[in-house]
Amino acid sequence: MEGSSSLNLFCHEDQSFINDEDDQHKHKFNIIQSCFDLDYQDDYINNLIIKELNFESNNNNNNNNNTHSSSIDYPSWLIDSRFDAVRWILNAKTVLKYQNQTAYLSVSYLDRFLSIRHIDENKIWAVRLLSVACLSIAAKMEECKVATLSEYPVLDFGFDSRAIQKMELLVLSTMNWKMGLVTPFAYLHFFAKEVGDQKIVLGDLLSKAVELLMALMQEIRLVEYRPSVIALAAVLAASDWQMTQETLKIKVKSVSVWETSDTLQQEKQLLSCYNSMQRLSAKGNITTPSLPEVQHTADETPSIVGTKRKLTFTDSGQNPNLPDKTRRD
């Protein structure tokens with residue numbers, strides 16, 4: 001909060017931290033509207049790219065010391081659980097009137113966490129608790145008005161505030177409290193000016209790009225792609241989703257900040273993202289589906305374990321409690 005010496009990332013259910021409800025709260029495409037007021041320069045974008053490359057390098061170094069990395073294929077149950085978690089985040093964003101960027105950032109946290117820690121097989125409730133914690137942290141990073149934890153729609157899981165807060169702490173410690181991730185939203189306006197179809201109204205182009213970004217979260221693991229590459233793919237697909245590979249390569253050559261030390265890797269990521277967005281556009285699948293209630297069995301033993309880090313929950317009915325301290329093997 002303004003005037004505070006440090007940012008409080010925990011939700012204490014204290015009304016003094018919650019602003020009154022504002023009927024004029026605008027959540028739809030707020031990030032686009034803010035882009036119109038920014039004068040992006042090449043040096044600013046270059047600084048963002050340097051930041052994301054440094055973060056990627058640090059993350060790769062951490063994964064070299066961890067047998068669990070983002071390149072490992074998820075088991076089928078975790079793929080399904082992640083998909084449901086992303087859909088829950090998108091629905092919760094609408095219910096809580098959060099911005100698109102908040103939802104995207106929370107999925108980035110989710111994927112980053114899953115790239116570092118293991119979750120025991122079929123612990124669907126644990127992935128849902130993780131998604132609630134990630135959205136709560138992202139809201140405190142991005143939103144002016146943050147809902148209390150009791151307002152989060154947790155369906156039949158019945159997580160209490162203490163369990164969510166402890167999962168928040170686990171997410172924060174797992175990411176070394178480095179929560180200011182670069183997201184594709186920071187690049188959209190710049191890339192729209194660089195490669196966007198000038199025949200399309202800028203606001204319409206950006207709106208379509210955001211829709212593609214939000215849909216893409218359900219298709220890929222965000223941790224495996226650079227935010228700048230995802231943003232560029234979204235702008236290109238919003239301009240024309242039927243470009244050939246050769247046309248795409250010609251287009252990106254005109255981007256002033258495209259050349260980096262690993263252009264080949266960037267190109268592979270771009271083609272992958274663009275192809276995914278092509279499929280979404282062809283199917284018209286750029287809307288958020290309703291989230292069906294996820295069933296979980298009562299005999300699950302609440303625990304999360306990892307080969308490099310292990311976390312155990314104690315069973316407390318429908319409200320699993322996190323331990324006071326994490327344990328590293």
# chains A, B, ... in the order shown; residues from 1 in each chain; ligands from 1
>>> select_by_dssp(residues="region 136-246 of chain A", states="helix (DSSP H, G or I)", output="PyMOL selection string")
chain A and resi 136-142+149-151+161-174+184-186+188-195+202-216+222-224+227-239+245-246
>>> closest_residue(among="A:Ala126, A:Leu110, A:Ala238, A:Val210", to="Met175 (chain A)", atoms="only C-alpha atoms")
A:Leu110
>>> closest_residue(among="A:Val95, A:Ala234, A:Ala186, A:Val171", to="Ala215 (chain A)", atoms="only C-alpha atoms")
A:Ala234
>>> atom_distance(atom1="CA of Asp197 (chain A)", atom2="CA of Lys251 (chain A)")
11.0 Å
